[in-house]
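Have a look at input_30.txt below; it lists compact mmCIF, C-alpha atoms.
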```txt
# COMPACT_ATOMS: atom_id res chain seq x y z
CA MET M 152 115.20 81.94 -174.84
CA ALA M 153 118.42 79.99 -175.38
CA ARG M 154 118.50 77.94 -178.57
CA GLY M 155 120.37 74.63 -178.87
CA LEU M 156 121.96 73.14 -181.97
CA ASP M 157 119.49 71.70 -184.49
CA HIS M 158 121.62 70.87 -187.51
CA ILE M 159 124.73 71.70 -189.48
CA VAL M 160 124.70 71.96 -193.27
CA HIS M 161 127.68 70.39 -195.03
CA ALA M 162 127.74 71.51 -198.67
CA VAL M 163 129.36 69.02 -201.05
CA HIS M 164 129.83 68.61 -204.80
CA ASP M 165 128.98 64.90 -204.95
CA LEU M 166 126.25 63.83 -202.52
CA ASP M 167 126.79 60.10 -202.90
CA ALA M 168 130.57 60.41 -202.53
CA ALA M 169 130.12 62.47 -199.36
CA GLY M 170 127.60 59.97 -198.01
CA GLU M 171 130.05 57.15 -198.68
CA ALA M 172 132.82 59.10 -196.92
CA TYR M 173 130.67 59.52 -193.81
CA ALA M 174 129.69 55.85 -193.98
CA ARG M 175 133.35 54.79 -194.15
CA LEU M 176 133.91 56.80 -190.98
CA GLY M 177 131.23 54.73 -189.28
CA PHE M 178 128.19 57.00 -189.54
CA THR M 179 124.70 55.84 -190.52
CA VAL M 180 123.69 57.93 -193.55
CA GLY M 181 120.11 58.37 -194.74
CA ALA M 182 118.75 58.10 -198.27
CA ARG M 183 118.71 60.92 -200.81
CA ASN M 184 115.96 63.53 -200.48
CA ARG M 185 115.04 66.18 -203.05
CA HIS M 186 114.02 69.79 -202.46
CA PRO M 187 111.72 71.73 -204.79
CA TRP M 188 114.34 74.50 -205.09
CA GLY M 189 116.95 72.33 -206.80
CA THR M 190 119.07 70.87 -203.98
CA HIS M 191 119.35 67.28 -202.71
CA ASN M 192 120.33 66.09 -199.25
CA ARG M 193 121.22 63.09 -197.12
CA ILE M 194 120.91 63.13 -193.34
CA VAL M 195 123.24 61.91 -190.57
CA GLN M 196 121.13 61.92 -187.42
CA PHE M 197 121.94 62.06 -183.70
CA PRO M 198 119.66 62.63 -180.70
CA GLY M 199 118.22 66.10 -181.28
CA VAL M 200 120.84 67.17 -183.86
CA PHE M 201 121.67 66.17 -187.42
CA ILE M 202 124.12 66.86 -190.21
CA GLU M 203 122.60 67.72 -193.57
CA LEU M 204 124.82 66.73 -196.48
CA LEU M 205 123.65 69.11 -199.20
CA ALA M 206 124.43 69.20 -202.93
CA LEU M 207 123.10 70.85 -206.05
CA GLY M 208 120.56 68.89 -208.06
CA GLU M 209 118.34 70.48 -210.71
CA MET M 210 120.11 73.74 -211.52
CA ASP M 211 117.16 75.07 -213.50
CA ARG M 212 114.97 74.94 -210.38
CA ILE M 213 117.20 77.17 -208.27
CA PRO M 214 115.30 80.41 -207.53
CA PRO M 215 117.18 83.71 -207.51
CA ALA M 216 117.88 85.49 -204.25
CA ARG M 217 115.23 88.04 -203.32
CA PRO M 218 114.75 90.54 -200.50
CA ARG M 219 113.66 89.20 -197.09
CA SER M 220 114.41 85.61 -198.06
CA LEU M 221 117.30 83.18 -198.52
CA SER M 222 117.54 81.10 -201.67
CA PHE M 223 119.02 77.81 -200.44
CA GLY M 224 119.88 76.78 -203.97
CA ALA M 225 121.58 80.05 -204.87
CA PHE M 226 123.45 80.23 -201.54
CA THR M 227 124.68 76.64 -201.94
CA ARG M 228 125.66 77.19 -205.58
CA ASP M 229 127.70 80.26 -204.65
CA PHE M 230 129.24 78.53 -201.63
CA LEU M 231 130.30 75.49 -203.65
CA ALA M 232 131.85 77.72 -206.31
CA LYS M 233 134.50 78.47 -203.65
CA GLY M 234 134.78 74.89 -202.36
CA GLU M 235 133.13 72.29 -200.13
CA GLY M 236 132.63 72.68 -196.39
CA LEU M 237 130.27 73.57 -193.57
CA SER M 238 127.95 76.22 -194.95
CA MET M 239 125.16 76.82 -192.42
CA LEU M 240 124.50 76.57 -188.69
CA VAL M 241 120.90 75.91 -187.68
CA LEU M 242 119.56 76.26 -184.14
CA GLU M 243 116.37 74.79 -182.70
CA GLY M 244 113.22 76.83 -183.34
CA LYS M 245 110.24 76.61 -181.05
CA GLY M 246 108.36 79.41 -182.74
CA ALA M 247 109.56 80.62 -186.14
CA GLN M 248 107.69 83.92 -186.10
CA ALA M 249 108.89 84.69 -182.57
CA ASP M 250 112.46 83.95 -183.67
CA ALA M 251 112.09 86.19 -186.73
CA ASN M 252 110.76 88.99 -184.54
CA ALA M 253 113.61 88.53 -182.05
CA PHE M 254 116.23 88.63 -184.81
CA ARG M 255 114.64 91.77 -186.24
CA ALA M 256 114.62 93.46 -182.83
CA ALA M 257 118.28 92.51 -182.27
CA GLY M 258 119.28 93.89 -185.66
CA ILE M 259 120.57 90.56 -186.99
CA GLY M 260 117.94 89.84 -189.64
CA ASP M 261 114.82 91.17 -191.31
CA PHE M 262 113.51 88.11 -193.14
CA ASP M 263 110.15 86.49 -193.73
CA VAL M 264 109.48 83.10 -192.14
CA PHE M 265 110.00 80.32 -194.67
CA ASN M 266 107.70 77.28 -194.58
CA PHE M 267 108.15 74.04 -196.52
CA GLU M 268 107.47 70.33 -196.39
CA ARG M 269 108.84 67.25 -198.11
CA GLU M 270 108.52 63.49 -198.09
CA GLY M 271 110.82 61.57 -195.76
CA LYS M 272 111.64 57.88 -195.44
CA ARG M 273 111.40 55.59 -192.43
CA PRO M 274 114.00 52.80 -192.01
CA ASP M 275 111.56 50.43 -193.72
CA SER M 276 111.44 52.86 -196.70
CA SER M 277 107.82 53.83 -196.08
CA ALA M 278 107.02 57.48 -196.80
CA VAL M 279 106.18 60.11 -194.16
CA LYS M 280 105.62 63.86 -194.32
CA VAL M 281 108.05 66.25 -192.63
CA ALA M 282 107.48 70.01 -192.47
CA PHE M 283 109.54 72.94 -191.19
CA SER M 284 109.34 76.67 -190.52
CA LEU M 285 112.60 78.62 -190.73
CA ALA M 286 113.63 82.01 -189.33
CA PHE M 287 116.79 83.52 -190.81
CA ALA M 288 119.52 85.64 -189.25
CA GLN M 289 122.53 87.31 -190.86
CA ASP M 290 126.02 88.20 -189.70
CA GLU M 291 127.27 90.78 -192.18
CA ARG M 292 130.83 89.83 -191.20
CA ALA M 293 130.20 86.21 -192.20
CA PRO M 294 128.69 86.37 -195.71
CA ASP M 295 129.69 82.79 -196.56
CA THR M 296 127.78 81.26 -193.64
CA GLY M 297 124.02 80.85 -193.37
CA PHE M 298 122.18 81.11 -190.04
CA PHE M 299 118.60 80.17 -189.22
CA THR M 300 116.37 78.40 -186.73
CA CYS M 301 114.28 75.37 -187.64
CA GLN M 302 110.87 74.60 -186.15
CA GLN M 303 109.68 71.06 -186.92
CA HIS M 304 105.95 70.43 -187.30
CA TYR M 305 106.05 66.62 -187.43
CA PRO M 306 109.09 65.76 -185.29
CA GLU M 307 107.77 62.25 -184.68
CA ASN M 308 108.15 61.61 -188.44
CA PHE M 309 111.72 62.92 -188.57
CA TRP M 310 113.60 61.72 -185.51
CA ASN M 311 114.24 57.99 -185.41
CA PRO M 312 116.48 56.10 -182.94
CA ALA M 313 117.35 53.57 -185.67
CA PHE M 314 119.10 56.34 -187.64
CA GLN M 315 120.99 57.50 -184.51
CA GLN M 316 123.05 54.33 -184.04
CA HIS M 317 126.55 54.70 -185.47
CA ALA M 318 129.21 52.03 -185.84
CA ASN M 319 131.94 54.47 -184.75
CA GLY M 320 130.39 54.90 -181.30
CA VAL M 321 129.41 58.55 -181.75
CA THR M 322 126.61 59.40 -179.32
CA GLY M 323 125.96 63.02 -180.28
CA VAL M 324 127.23 66.39 -181.43
CA ALA M 325 129.27 68.10 -178.71
CA GLY M 326 129.60 71.39 -180.56
CA VAL M 327 130.69 73.37 -183.60
CA VAL M 328 133.70 75.58 -184.21
CA PHE M 329 133.84 78.85 -186.16
CA ILE M 330 137.01 80.51 -187.41
CA ALA M 331 137.39 84.30 -187.47
CA GLU M 332 140.38 86.61 -187.61
CA ASN M 333 138.95 88.40 -184.57
CA PRO M 334 136.30 86.25 -182.84
CA SER M 335 135.23 89.10 -180.56
CA ASP M 336 133.87 90.94 -183.61
CA HIS M 337 131.08 88.36 -183.69
CA HIS M 338 130.10 88.14 -180.03
CA ILE M 339 127.02 90.37 -180.33
CA PHE M 340 125.67 88.40 -183.27
CA LEU M 341 126.39 84.98 -181.74
CA LYS M 342 124.75 85.91 -178.42
CA ALA M 343 121.62 87.21 -180.15
CA PHE M 344 121.42 84.24 -182.52
CA ALA M 345 121.83 81.70 -179.72
CA GLY M 346 119.46 83.63 -177.45
CA VAL M 347 121.90 83.76 -174.55
CA SER M 348 122.71 86.65 -172.25
CA ASP M 349 126.38 85.85 -171.80
CA LEU M 350 129.31 83.95 -173.27
CA THR M 351 132.76 82.92 -172.09
CA ALA M 352 135.98 84.47 -173.38
CA THR M 353 138.77 81.89 -173.43
CA SER M 354 142.39 81.86 -174.53
CA ALA M 355 141.18 80.26 -177.78
CA GLY M 356 138.36 82.74 -178.47
CA LEU M 357 134.67 82.63 -177.55
CA LEU M 358 132.52 79.86 -176.12
CA ILE M 359 128.72 79.69 -175.89
CA GLU M 360 127.07 76.84 -174.03
CA THR M 361 123.63 76.17 -175.52
CA PRO M 362 120.96 73.75 -174.28
CA ARG M 363 122.27 71.30 -176.88
CA GLY M 364 125.97 71.60 -177.71
CA GLU M 365 128.59 74.33 -177.68
CA ILE M 366 129.35 77.10 -180.17
CA GLN M 367 133.00 78.12 -180.30
CA ALA M 368 134.74 80.86 -182.28
CA MET M 369 138.53 80.69 -182.61
CA ASP M 370 141.17 82.58 -184.50
CA PRO M 371 143.14 80.61 -187.13
CA ALA M 372 146.21 80.14 -184.91
CA ALA M 373 144.14 78.72 -182.03
CA TYR M 374 142.31 76.45 -184.45
CA ARG M 375 145.56 75.00 -185.82
CA LEU M 376 146.83 74.51 -182.26
CA HIS M 377 143.68 72.69 -181.13
CA PHE M 378 143.04 70.50 -184.18
CA ALA M 379 146.31 70.40 -186.19
CA VAL M 380 144.52 71.08 -189.51
CA ASP M 381 144.33 74.16 -191.69
CA PRO M 382 141.29 76.40 -191.20
CA PRO M 383 139.04 77.48 -194.07
CA ASP M 384 139.73 80.79 -195.80
CA THR M 385 138.48 83.69 -193.66
CA SER M 386 139.35 86.49 -196.08
CA ARG M 387 135.62 87.20 -196.54
CA GLY M 388 134.76 86.77 -192.86
CA MET M 389 133.93 84.17 -190.23
CA ARG M 390 133.51 80.57 -191.41
CA LEU M 391 132.11 77.41 -189.88
CA ALA M 392 135.01 74.96 -189.77
CA ALA M 393 134.51 71.91 -187.53
CA ILE M 394 131.99 69.60 -185.90
CA ARG M 395 132.88 68.05 -182.53
CA PHE M 396 131.42 64.63 -181.74
CA ALA M 397 130.97 62.94 -178.38
CA VAL M 398 132.20 59.34 -178.63
CA ARG M 399 131.37 56.43 -176.35
CA ASP M 400 134.68 54.65 -177.03
CA LEU M 401 137.49 56.55 -178.73
CA GLY M 402 139.30 53.29 -179.41
CA LEU M 403 136.30 52.01 -181.36
CA ALA M 404 136.16 55.24 -183.35
CA ARG M 405 139.89 55.02 -184.08
CA GLU M 406 139.49 51.43 -185.26
CA ARG M 407 136.59 52.33 -187.54
CA VAL M 408 138.18 55.47 -188.98
CA GLY M 409 141.49 53.74 -189.66
CA GLY M 410 144.02 55.82 -191.54
CA SER M 411 141.61 58.66 -192.29
CA GLY M 412 142.25 60.44 -188.98
CA SER M 413 145.09 61.61 -186.78
CA GLN M 414 145.37 61.87 -183.02
CA HIS M 415 145.86 65.30 -181.52
CA MET M 416 145.45 66.53 -177.94
CA GLY M 417 143.61 63.36 -177.01
CA ASN M 418 141.12 63.63 -179.86
CA LEU M 419 140.76 61.95 -183.23
CA VAL M 420 140.64 64.51 -186.05
CA ILE M 421 139.48 63.94 -189.63
CA GLY M 422 140.83 66.78 -191.73
CA PRO M 423 139.18 68.65 -194.59
CA GLY M 424 140.94 66.57 -197.23
CA ALA M 425 139.20 63.39 -196.06
CA ALA M 426 135.92 65.04 -195.01
CA HIS M 427 134.91 67.13 -198.02
CA GLY M 428 136.16 70.47 -196.72
CA ALA M 429 135.16 70.06 -193.05
CA ALA M 430 137.02 68.97 -189.92
CA LEU M 431 135.34 66.20 -187.91
CA VAL M 432 136.62 65.88 -184.35
CA PHE M 433 135.95 62.74 -182.26
CA GLU M 434 136.19 63.42 -178.52
CA GLY M 435 136.36 60.61 -175.94
```
Transcribe the structure of this file into structure tokens.
Amino acid sequence: MARGLDHIVHAVHDLDAAGEAYARLGFTVGARNRHPWGTHNRIVQFPGVFIELLALGEMDRIPPARPRSLSFGAFTRDFLAKGEGLSMLVLEGKGAQADANAFRAAGIGDFDVFNFEREGKRPDSSAVKVAFSLAFAQDERAPDTGFFTCQQHYPENFWNPAFQQHANGVTGVAGVVFIAENPSDHHIFLKAFAGVSDLTATSAGLLIETPRGEIQAMDPAAYRLHFAVDPPDTSRGMRLAAIRFAVRDLGLARERVGGSGSQHMGNLVIGPGAAHGAALVFEG
């Protein structure tokens, strides 16, 4: 079963500063939430997809990594020790145990399903419960990127059209872009993770069309050509580098972003220096 994009984790040192940076770019940014394992987040929501701004909170609550599980706190701590940026790609989960079994059968993960819940906030600040079940996958050639699916148990408490209205005219996430020295090294993993039977080889690398957004993998030279910004360091393997946004009116986005972005190949690109280690691409 093909899996669409669910969310992208953007690891940052200062959660409020990152939230303010997204707000200056015209995004609606949610309030701070706290996890029991020592991380805090803020959400930028779109129809069916969201960005999770994630930072370290209570360091003494971070559990150590253990077999068959991923410690979000430890992974984020280690990621941020190297710098800010896009740290995890999450696809939609419609059955966490089925996803875990599929990843095990494909040889891309042997992890236990992880269940958790937390309190969320409606626009009127009233509290609601949100709960998730996660199934992890692993690309051994991408140790600095996390991969999992997310099954929501109270989606009606999480998704809210009021949070999905953005002053910059962004209507959704068009896709994400990975960087790898040799993208074809990752085609087996990406196909199994996305649950697709085929992908497209392009002059820039690899392209997977999912039910919700595209997954691209480019080499560093193609990435520079397409976006005119430097890619993240790939010396340890494939990295998640950019988020592509669909925009209702590129002129409106350009007006809202101001001097933070540059035009390139018909798109508006916010580079890693202005976007806490990520590239944000506005596409008209």
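Of the listed residues M:Ala355, M:Ala325, M:Ile330, M:Ile202, the one whose atoms come nearest to Glu434 of chain M is M:Ala325, with distances taken using all atoms listed in the file.
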One decimal place gives the atom CA of Val324 of chain M-atom CA of Ser277 of chain M separation as 27.4 Å
Near-Phe267 of chain M list (10 Å; only C-alpha atoms; drop same-chain fewer than 3 positions) as number ranges by chain: M: 186-187, 281-285
Quick one: everything within 6 Å of segment 366-380 of chain M, counting only C-alpha atoms, minus sequence neighbours fewer than 6 positions away in the same chain. Send it as JSON, numbers by chain. {"M": [326, 327, 328, 329, 330, 331, 332, 334, 355, 356, 357, 358, 359]}
Neighbouring residues of Leu341 of chain M were defined as those with any atom within 12 Å, considering all atoms listed in the file; residues of the same chain fewer than 5 positions away were excluded. Please report them as a VMD selection string. chain M and resid 153 to 154 240 242 254 257 259 288 to 293 298 to 299 329 334 to 336 346 to 351 357 to 361 365 to 368 389
Can you spit out the residues from that selection as a tab-separated table (two decimals), in the frame of the given file, using C-alpha atoms?
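Wrote it out as part.tsv, contents follow:
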```tsv
chain	number	residue	atom	x	y	z
M	153	ALA	CA	118.42	79.99	-175.38
M	154	ARG	CA	118.50	77.94	-178.57
M	240	LEU	CA	124.50	76.57	-188.69
M	242	LEU	CA	119.56	76.26	-184.14
M	254	PHE	CA	116.23	88.63	-184.81
M	257	ALA	CA	118.28	92.51	-182.27
M	259	ILE	CA	120.57	90.56	-186.99
M	288	ALA	CA	119.52	85.64	-189.25
M	289	GLN	CA	122.53	87.31	-190.86
M	290	ASP	CA	126.02	88.20	-189.70
M	291	GLU	CA	127.27	90.78	-192.18
M	292	ARG	CA	130.83	89.83	-191.20
M	293	ALA	CA	130.20	86.21	-192.20
M	298	PHE	CA	122.18	81.11	-190.04
M	299	PHE	CA	118.60	80.17	-189.22
M	329	PHE	CA	133.84	78.85	-186.16
M	334	PRO	CA	136.30	86.25	-182.84
M	335	SER	CA	135.23	89.10	-180.56
M	336	ASP	CA	133.87	90.94	-183.61
M	346	GLY	CA	119.46	83.63	-177.45
M	347	VAL	CA	121.90	83.76	-174.55
M	348	SER	CA	122.71	86.65	-172.25
M	349	ASP	CA	126.38	85.85	-171.80
M	350	LEU	CA	129.31	83.95	-173.27
M	351	THR	CA	132.76	82.92	-172.09
M	357	LEU	CA	134.67	82.63	-177.55
M	358	LEU	CA	132.52	79.86	-176.12
M	359	ILE	CA	128.72	79.69	-175.89
M	360	GLU	CA	127.07	76.84	-174.03
M	361	THR	CA	123.63	76.17	-175.52
M	365	GLU	CA	128.59	74.33	-177.68
M	366	ILE	CA	129.35	77.10	-180.17
M	367	GLN	CA	133.00	78.12	-180.30
M	368	ALA	CA	134.74	80.86	-182.28
M	389	MET	CA	133.93	84.17	-190.23
```
Using the incomplete input, complete segment 234-265 of chain M to the level of N, CA and C atoms; output as a PDB file, in the frame of the given file.
```pdb
ATOM      1  N   GLY M 234     134.288  76.134-202.935  1.00  0.00           N
ATOM      2  CA  GLY M 234     134.780  74.890-202.360  1.00  0.00           C
ATOM      3  C   GLY M 234     133.776  74.267-201.404  1.00  0.00           C
ATOM      4  N   GLU M 235     134.013  73.005-201.040  1.00  0.00           N
ATOM      5  CA  GLU M 235     133.130  72.290-200.130  1.00  0.00           C
ATOM      6  C   GLU M 235     133.390  72.712-198.679  1.00  0.00           C
ATOM      7  N   GLY M 236     132.423  72.409-197.810  1.00  0.00           N
ATOM      8  CA  GLY M 236     132.630  72.680-196.390  1.00  0.00           C
ATOM      9  C   GLY M 236     131.322  72.899-195.659  1.00  0.00           C
ATOM     10  N   LEU M 237     131.433  73.326-194.421  1.00  0.00           N
ATOM     11  CA  LEU M 237     130.270  73.570-193.570  1.00  0.00           C
ATOM     12  C   LEU M 237     129.713  74.952-193.900  1.00  0.00           C
ATOM     13  N   SER M 238     128.479  74.985-194.392  1.00  0.00           N
ATOM     14  CA  SER M 238     127.950  76.220-194.950  1.00  0.00           C
ATOM     15  C   SER M 238     126.917  76.925-194.092  1.00  0.00           C
ATOM     16  N   MET M 239     126.216  76.197-193.207  1.00  0.00           N
ATOM     17  CA  MET M 239     125.160  76.820-192.420  1.00  0.00           C
ATOM     18  C   MET M 239     125.095  76.194-191.032  1.00  0.00           C
ATOM     19  N   LEU M 240     124.780  77.047-190.046  1.00  0.00           N
ATOM     20  CA  LEU M 240     124.500  76.570-188.690  1.00  0.00           C
ATOM     21  C   LEU M 240     123.027  76.849-188.409  1.00  0.00           C
ATOM     22  N   VAL M 241     122.334  75.810-187.943  1.00  0.00           N
ATOM     23  CA  VAL M 241     120.900  75.910-187.680  1.00  0.00           C
ATOM     24  C   VAL M 241     120.650  75.595-186.209  1.00  0.00           C
ATOM     25  N   LEU M 242     119.914  76.465-185.541  1.00  0.00           N
ATOM     26  CA  LEU M 242     119.560  76.260-184.140  1.00  0.00           C
ATOM     27  C   LEU M 242     118.097  75.866-184.032  1.00  0.00           C
ATOM     28  N   GLU M 243     117.732  75.274-182.897  1.00  0.00           N
ATOM     29  CA  GLU M 243     116.370  74.790-182.700  1.00  0.00           C
ATOM     30  C   GLU M 243     115.398  75.978-182.663  1.00  0.00           C
ATOM     31  N   GLY M 244     114.265  75.810-183.344  1.00  0.00           N
ATOM     32  CA  GLY M 244     113.220  76.830-183.340  1.00  0.00           C
ATOM     33  C   GLY M 244     111.969  76.304-182.687  1.00  0.00           C
ATOM     34  N   LYS M 245     111.472  77.016-181.718  1.00  0.00           N
ATOM     35  CA  LYS M 245     110.240  76.610-181.050  1.00  0.00           C
ATOM     36  C   LYS M 245     109.066  77.498-181.442  1.00  0.00           C
ATOM     37  N   GLY M 246     109.370  78.511-182.208  1.00  0.00           N
ATOM     38  CA  GLY M 246     108.360  79.410-182.740  1.00  0.00           C
ATOM     39  C   GLY M 246     108.999  80.286-183.784  1.00  0.00           C
ATOM     40  N   ALA M 247     108.823  79.949-185.060  1.00  0.00           N
ATOM     41  CA  ALA M 247     109.560  80.620-186.140  1.00  0.00           C
ATOM     42  C   ALA M 247     109.267  82.114-186.181  1.00  0.00           C
ATOM     43  N   GLN M 248     108.016  82.497-186.033  1.00  0.00           N
ATOM     44  CA  GLN M 248     107.690  83.920-186.100  1.00  0.00           C
ATOM     45  C   GLN M 248     108.299  84.672-184.921  1.00  0.00           C
ATOM     46  N   ALA M 249     108.272  84.056-183.740  1.00  0.00           N
ATOM     47  CA  ALA M 249     108.890  84.690-182.570  1.00  0.00           C
ATOM     48  C   ALA M 249     110.392  84.854-182.780  1.00  0.00           C
ATOM     49  N   ASP M 250     111.031  83.840-183.376  1.00  0.00           N
ATOM     50  CA  ASP M 250     112.460  83.950-183.670  1.00  0.00           C
ATOM     51  C   ASP M 250     112.726  85.064-184.671  1.00  0.00           C
ATOM     52  N   ALA M 251     111.919  85.135-185.720  1.00  0.00           N
ATOM     53  CA  ALA M 251     112.090  86.190-186.730  1.00  0.00           C
ATOM     54  C   ALA M 251     111.939  87.566-186.097  1.00  0.00           C
ATOM     55  N   ASN M 252     110.961  87.703-185.219  1.00  0.00           N
ATOM     56  CA  ASN M 252     110.760  88.990-184.540  1.00  0.00           C
ATOM     57  C   ASN M 252     111.944  89.326-183.633  1.00  0.00           C
ATOM     58  N   ALA M 253     112.468  88.301-182.931  1.00  0.00           N
ATOM     59  CA  ALA M 253     113.610  88.530-182.050  1.00  0.00           C
ATOM     60  C   ALA M 253     114.850  88.927-182.836  1.00  0.00           C
ATOM     61  N   PHE M 254     115.075  88.288-183.978  1.00  0.00           N
ATOM     62  CA  PHE M 254     116.230  88.630-184.810  1.00  0.00           C
ATOM     63  C   PHE M 254     116.089  90.049-185.367  1.00  0.00           C
ATOM     64  N   ARG M 255     114.881  90.419-185.731  1.00  0.00           N
ATOM     65  CA  ARG M 255     114.640  91.770-186.240  1.00  0.00           C
ATOM     66  C   ARG M 255     114.917  92.806-185.145  1.00  0.00           C
ATOM     67  N   ALA M 256     114.427  92.526-183.939  1.00  0.00           N
ATOM     68  CA  ALA M 256     114.620  93.460-182.830  1.00  0.00           C
ATOM     69  C   ALA M 256     116.097  93.589-182.452  1.00  0.00           C
ATOM     70  N   ALA M 257     116.858  92.498-182.601  1.00  0.00           N
ATOM     71  CA  ALA M 257     118.280  92.510-182.270  1.00  0.00           C
ATOM     72  C   ALA M 257     119.141  93.087-183.381  1.00  0.00           C
ATOM     73  N   GLY M 258     118.543  93.344-184.534  1.00  0.00           N
ATOM     74  CA  GLY M 258     119.280  93.890-185.660  1.00  0.00           C
ATOM     75  C   GLY M 258     120.137  92.885-186.393  1.00  0.00           C
ATOM     76  N   ILE M 259     119.769  91.587-186.310  1.00  0.00           N
ATOM     77  CA  ILE M 259     120.570  90.560-186.990  1.00  0.00           C
ATOM     78  C   ILE M 259     119.774  89.863-188.093  1.00  0.00           C
ATOM     79  N   GLY M 260     118.689  90.452-188.552  1.00  0.00           N
ATOM     80  CA  GLY M 260     117.940  89.840-189.640  1.00  0.00           C
ATOM     81  C   GLY M 260     116.566  90.450-189.787  1.00  0.00           C
ATOM     82  N   ASP M 261     116.168  90.661-191.020  1.00  0.00           N
ATOM     83  CA  ASP M 261     114.820  91.170-191.310  1.00  0.00           C
ATOM     84  C   ASP M 261     114.271  90.327-192.459  1.00  0.00           C
ATOM     85  N   PHE M 262     113.922  89.075-192.137  1.00  0.00           N
ATOM     86  CA  PHE M 262     113.510  88.110-193.140  1.00  0.00           C
ATOM     87  C   PHE M 262     112.111  87.583-192.846  1.00  0.00           C
ATOM     88  N   ASP M 263     111.429  87.169-193.896  1.00  0.00           N
ATOM     89  CA  ASP M 263     110.150  86.490-193.730  1.00  0.00           C
ATOM     90  C   ASP M 263     110.381  85.062-193.266  1.00  0.00           C
ATOM     91  N   VAL M 264     109.440  84.513-192.503  1.00  0.00           N
ATOM     92  CA  VAL M 264     109.480  83.100-192.140  1.00  0.00           C
ATOM     93  C   VAL M 264     109.291  82.265-193.404  1.00  0.00           C
ATOM     94  N   PHE M 265     110.059  81.199-193.503  1.00  0.00           N
ATOM     95  CA  PHE M 265     110.000  80.320-194.670  1.00  0.00           C
ATOM     96  C   PHE M 265     109.426  78.973-194.247  1.00  0.00           C
TER      97      PHE M 265
END
```
